[in-house]
Amino acid sequence: MEQFSAPFSRHDFGENFLWGVTISAFQNEGACDADGKGKSIWDEFTTKKGKIKDGTNALVTVDFYNRYREDIQLVKKMGFDVFRFSISWPRILPEGTGRVNQAGIDYYHRVIDACLEAGLTPYVTLYHWDLPHAIEHKGGWCHRGVIFAFEEYVRICVQAFGDKVKNWIVMNEPFGFTSLGYMLGVHAPGKFGVSYFLPAVHHVLLAQVAGAKVIRETVKGANIGTCLSCSYIYPYTQQEADIQAAKKADALFNRLFLEPVLGMGYPVNDFPLLRRIERRYALWRDWDQLSFDFDFIGVQNYFPLVVRRNAFMPVVGISEVKPKYRRVPMTALGWEISGEGMYAILKQFSAYKGIKRLMVTESGAAFADIMSGGVVDDQDRIGYFKEYLSGVLKAKNEGVPIDGYFAWTLTDNFEWAEGYKARFGLVHVDRDTQVRTMKSSGQWFSEFLKK
């Protein structure tokens, strides 16, 4: 595959191109029960033995709840324009619905104000995986009632913060949290099987539109998006079986949460299993409630996937040919590094007529960073960003309507089921002292983003 490494500068992307960095509430805040916060599905999941690879939890993580001002100043110091963070649903509504926790509202006002004081534009994500445990107890995303609960939560947030925040992201990686949490069982809430996955998919899509409509009705001048995980799919060979496997994988990984939003329905022709949603979980009135005219779609791309036909793989009939067997560049998590993959998925998404604008709302890499003499010289991560940004620039120069690039992530934090071993941050955090040390990659961005 072609490697992207051409030299470029910030100005090559245009004066209006947005540069940001992204975090999430559960991975960063800690303060798991402070000031009236309720329990989330991830608070519960991390207490279960063997679920987190290094046996850790996010009770404190990087203590963003108390150190937000320091971290926001680091974002500013690195030269970013945008700080993307998420609101914790159980910090606003401890029981998931009903009683509002004013301390939670007040906290996010402080975070938003700190962004504005630093000259940063806040991009606020409403759902980044931390469903209130009280709602999961009633069935979570598998139960239709979650749609109305989410709509209520969104209304509370946008009424509270809509005067200050104009840029809203409804969902973060719905395929990620439904497949990992409601089909494979490796993420919270740990459900396993298609009978959980399919209703969760449908209810997430309905909730996404319900929430987006509330923002449109409530916030004057709102810029509304949603963020989709995506991987360009390559067939392992040009044999027909592998080509068909790639089409099936594309329907699942890239089209499942995109095409319904665009009014195209589920990609049932390439993934017939999805017909079960219509037969078992959908109501007749649902089909008008799956689509929404988003102002932008957030692209969250980390790696491409190479797949082949595998008749022994249950349900999907396909399997990945892992990067280590193909001997391609990889991150510490074994994910392929491919600027071409970023370029290709941007081109694929931009071909949809219903997409107005694209933003890369997450992109980053985990490496085995080493602190030596007070320095983390993460040249591999710098190389990763150069390659992926080259892919973005190539797409932009070919007419792809892409408006920004947000790096994942600010600080080394709790990386879901990986715990703390997977380090994605531009800033190193000592877990004992909470001392922040900007890595070479963070310093690279501060030089690159100088105006």
# chains A, B, ... in the order shown; residues from 1 in each chain; ligands from 1

$ residues_around --residues "stretch 134-147 of chain A" --least-positions-apart "6" --cutoff "9 Å" --atoms "only C-alpha atoms" --output "list of chain:residue names"
A:Gly38, A:Lys39, A:Ser40, A:Ile41, A:Pro90, A:Pro94, A:Glu95, A:Gly96, A:Thr97, A:Thr178, A:Tyr182, A:Pro189, A:Ser195, A:Tyr196, A:Phe197, A:Leu198, A:Pro199, A:Ala200, A:Val201, A:His202, A:His203, A:Val204, A:Leu206, A:Ala207, A:Gln208, A:Ala210, A:Gly211

$ write_last_selection --atoms "N, CA and C atoms" --output "CSV table (one decimal), in the first residue's frame"
chain,number,residue,atom,x,y,z
A,38,GLY,N,-24.4,9.5,39.5
A,38,GLY,CA,-24.8,8.1,39.6
A,38,GLY,C,-23.9,7.1,38.9
A,39,LYS,N,-24.2,5.9,39.0
A,39,LYS,CA,-23.3,4.8,38.5
A,39,LYS,C,-23.6,4.6,37.0
A,40,SER,N,-22.6,4.4,36.2
A,40,SER,CA,-22.7,4.1,34.8
A,40,SER,C,-22.5,2.6,34.6
A,41,ILE,N,-22.8,2.1,33.4
A,41,ILE,CA,-22.5,0.7,33.0
A,41,ILE,C,-21.1,0.4,33.1
A,90,PRO,N,-24.9,9.9,33.6
A,90,PRO,CA,-25.2,9.7,35.1
A,90,PRO,C,-24.7,10.9,36.0
A,94,PRO,N,-28.6,11.0,37.7
A,94,PRO,CA,-28.0,9.9,38.5
A,94,PRO,C,-28.9,8.6,38.3
A,95,GLU,N,-30.2,8.8,38.2
A,95,GLU,CA,-31.0,7.6,37.9
A,95,GLU,C,-31.4,7.4,36.5
A,96,GLY,N,-30.7,8.1,35.6
A,96,GLY,CA,-30.9,8.0,34.2
A,96,GLY,C,-32.0,8.9,33.6
A,97,THR,N,-33.1,9.1,34.4
A,97,THR,CA,-34.2,10.0,34.1
A,97,THR,C,-34.6,10.7,35.4
A,178,THR,N,-22.2,-0.8,20.5
A,178,THR,CA,-23.2,-1.9,20.3
A,178,THR,C,-22.6,-3.2,20.0
A,182,TYR,N,-22.9,-5.2,23.2
A,182,TYR,CA,-24.1,-5.9,23.1
A,182,TYR,C,-24.1,-7.1,22.2
A,189,PRO,N,-22.2,-3.3,28.5
A,189,PRO,CA,-22.6,-4.0,29.7
A,189,PRO,C,-22.2,-5.5,29.7
A,195,SER,N,-29.2,-11.4,19.5
A,195,SER,CA,-30.5,-11.0,20.0
A,195,SER,C,-30.4,-9.7,20.9
A,196,TYR,N,-29.2,-9.4,21.4
A,196,TYR,CA,-29.0,-8.1,22.0
A,196,TYR,C,-28.5,-7.0,21.0
A,197,PHE,N,-27.7,-7.4,20.1
A,197,PHE,CA,-27.1,-6.4,19.2
A,197,PHE,C,-28.1,-5.8,18.3
A,198,LEU,N,-29.0,-6.5,17.7
A,198,LEU,CA,-29.9,-6.0,16.7
A,198,LEU,C,-30.9,-5.0,17.3
A,199,PRO,N,-31.5,-5.2,18.4
A,199,PRO,CA,-32.4,-4.2,19.0
A,199,PRO,C,-31.6,-3.0,19.5
A,200,ALA,N,-30.4,-3.2,20.0
A,200,ALA,CA,-29.5,-2.1,20.4
A,200,ALA,C,-29.2,-1.2,19.2
A,201,VAL,N,-28.9,-1.8,18.1
A,201,VAL,CA,-28.6,-1.0,16.9
A,201,VAL,C,-29.8,-0.1,16.6
A,202,HIS,N,-30.9,-0.7,16.5
A,202,HIS,CA,-32.1,0.0,16.1
A,202,HIS,C,-32.5,1.1,17.1
A,203,HIS,N,-32.4,0.9,18.4
A,203,HIS,CA,-32.8,1.9,19.3
A,203,HIS,C,-31.8,3.0,19.4
A,204,VAL,N,-30.5,2.7,19.2
A,204,VAL,CA,-29.5,3.7,19.2
A,204,VAL,C,-29.7,4.7,18.0
A,206,LEU,N,-32.6,5.3,16.5
A,206,LEU,CA,-33.8,6.1,16.8
A,206,LEU,C,-33.5,7.2,17.9
A,207,ALA,N,-32.7,6.8,18.9
A,207,ALA,CA,-32.3,7.8,19.9
A,207,ALA,C,-31.5,8.9,19.4
A,208,GLN,N,-30.6,8.5,18.5
A,208,GLN,CA,-29.7,9.5,17.8
A,208,GLN,C,-30.5,10.6,17.1
A,210,ALA,N,-33.7,11.3,17.6
A,210,ALA,CA,-34.5,12.0,18.6
A,210,ALA,C,-33.7,13.1,19.3
A,211,GLY,N,-32.5,12.7,19.7
A,211,GLY,CA,-31.6,13.7,20.3
A,211,GLY,C,-31.2,14.9,19.4

$ residues_around --residues "A:Gly364" --least-positions-apart "4" --cutoff "9 Å" --atoms "only C-alpha atoms" --output "VMD selection string"
chain A and resid 301 to 302 381 384 to 385 388 406 to 409 424 to 425

$ write_last_selection --atoms "C-alpha atoms" --output "mmCIF file, in the first residue's frame"
data_model
loop_
_atom_site.group_PDB
_atom_site.id
_atom_site.type_symbol
_atom_site.label_atom_id
_atom_site.label_comp_id
_atom_site.auth_asym_id
_atom_site.auth_seq_id
_atom_site.Cartn_x
_atom_site.Cartn_y
_atom_site.Cartn_z
ATOM 1 C CA ASN A 301 -10.552 6.112 11.701
ATOM 2 C CA TYR A 302 -7.644 4.268 13.255
ATOM 3 C CA ARG A 381 3.313 8.654 17.177
ATOM 4 C CA TYR A 384 1.603 8.202 12.629
ATOM 5 C CA PHE A 385 0.089 11.697 12.673
ATOM 6 C CA TYR A 388 -2.664 10.163 8.571
ATOM 7 C CA PHE A 406 -9.171 16.061 16.155
ATOM 8 C CA ALA A 407 -6.419 13.949 17.705
ATOM 9 C CA TRP A 408 -7.159 11.128 20.120
ATOM 10 C CA THR A 409 -6.267 11.857 22.841
ATOM 11 C CA PHE A 424 -2.795 7.148 23.228
ATOM 12 C CA GLY A 425 -2.040 10.506 24.848
#

$ atom_distance --atom1 "atom CA of A:Gly339" --atom2 "atom CA of A:Val82"
22.8 Å

$ residues_around --residues "A:Ala212" --least-positions-apart "5" --cutoff "12 Å" --atoms "only C-alpha atoms" --output "ChimeraX atom specification"
/A:125-127,147,150-155,158,167-171,205-207,217-219,222-226,261,289-296

$ atom_distance --atom1 "atom CA of A:Asp130" --atom2 "atom CA of A:Thr433"
26.1 Å

$ atom_distance --atom1 "atom CA of A:Gly221" --atom2 "atom CA of A:Lys166"
6.6 Å

$ select_by_dssp --residues "stretch 167-315 of chain A" --states "strand (DSSP E)" --output "PyMOL selection string"
chain A and resi 167-172+223-229+233-235+296-300+305-309

$ closest_residue --among "A:Cys230, A:Ala249, A:Leu273, A:Val435" --to "A:Leu346" --atoms "only C-alpha atoms"
A:Cys230

$ closest_residue --among "A:Phe303, A:Phe257, A:Phe148, A:Phe312" --to "A:Leu274" --atoms "only C-alpha atoms"
A:Phe257

$ residues_around --residues "A:Gly119" --least-positions-apart "3" --cutoff "9 Å" --atoms "only C-alpha atoms" --output "count of residues only"
6

$ closest_atom_pairs --of "stretch 343-418 of chain A" --to "stretch 318-338 of chain A" --cutoff "10 Å" --atoms "only C-alpha atoms" --output "CSV"
residue,atom,partner,partner_atom,distance
A:Tyr343,CA,A:Ser338,CA,8.9
A:Ala344,CA,A:Ser338,CA,9.9
A:Gly364,CA,A:Thr331,CA,9.8
A:Ala365,CA,A:Thr331,CA,6.3
A:Ala366,CA,A:Ala332,CA,5.6
A:Phe367,CA,A:Ala332,CA,4.7
A:Ala368,CA,A:Ala332,CA,6.2
A:Asp369,CA,A:Ala332,CA,9.5
A:Asp380,CA,A:Thr331,CA,8.6
A:Arg381,CA,A:Thr331,CA,8.9
A:Gly383,CA,A:Ile337,CA,9.7
A:Tyr384,CA,A:Ile337,CA,6.9
A:Phe385,CA,A:Ile337,CA,9.9
A:Glu387,CA,A:Ser338,CA,7.3
A:Tyr388,CA,A:Ser338,CA,7.0
A:Gly391,CA,A:Ser338,CA,8.6
A:Glu418,CA,A:Leu333,CA,9.3

$ residues_around --residues "stretch 394-398 of chain A" --least-positions-apart "4" --cutoff "9 Å" --atoms "only C-alpha atoms" --output "tab-separated table (two decimals) with C-alpha atoms, in the first residue's frame"
chain	number	residue	atom	x	y	z
A	4	PHE	CA	1.80	9.00	2.75
A	13	PHE	CA	-5.27	22.64	5.07
A	342	MET	CA	-7.70	7.19	6.11
A	343	TYR	CA	-7.69	8.67	2.60
A	344	ALA	CA	-9.80	5.82	1.22
A	346	LEU	CA	-12.82	9.75	3.52
A	347	LYS	CA	-13.29	9.28	-0.23
A	389	LEU	CA	-2.68	13.93	8.06
A	390	SER	CA	-1.13	13.38	4.64
A	402	ILE	CA	-13.45	17.90	5.30
A	403	ASP	CA	-13.37	20.66	7.89

$ residues_around --residues "A:Gln238" --least-positions-apart "5" --cutoff "10 Å" --atoms "only C-alpha atoms" --output "list in words"
Ile243, Gln244 and Arg308 of chain A

$ closest_residue --among "A:Tyr123, A:Tyr266, A:Phe253, A:Phe414" --to "A:Trp287" --atoms "only C-alpha atoms"
A:Tyr266
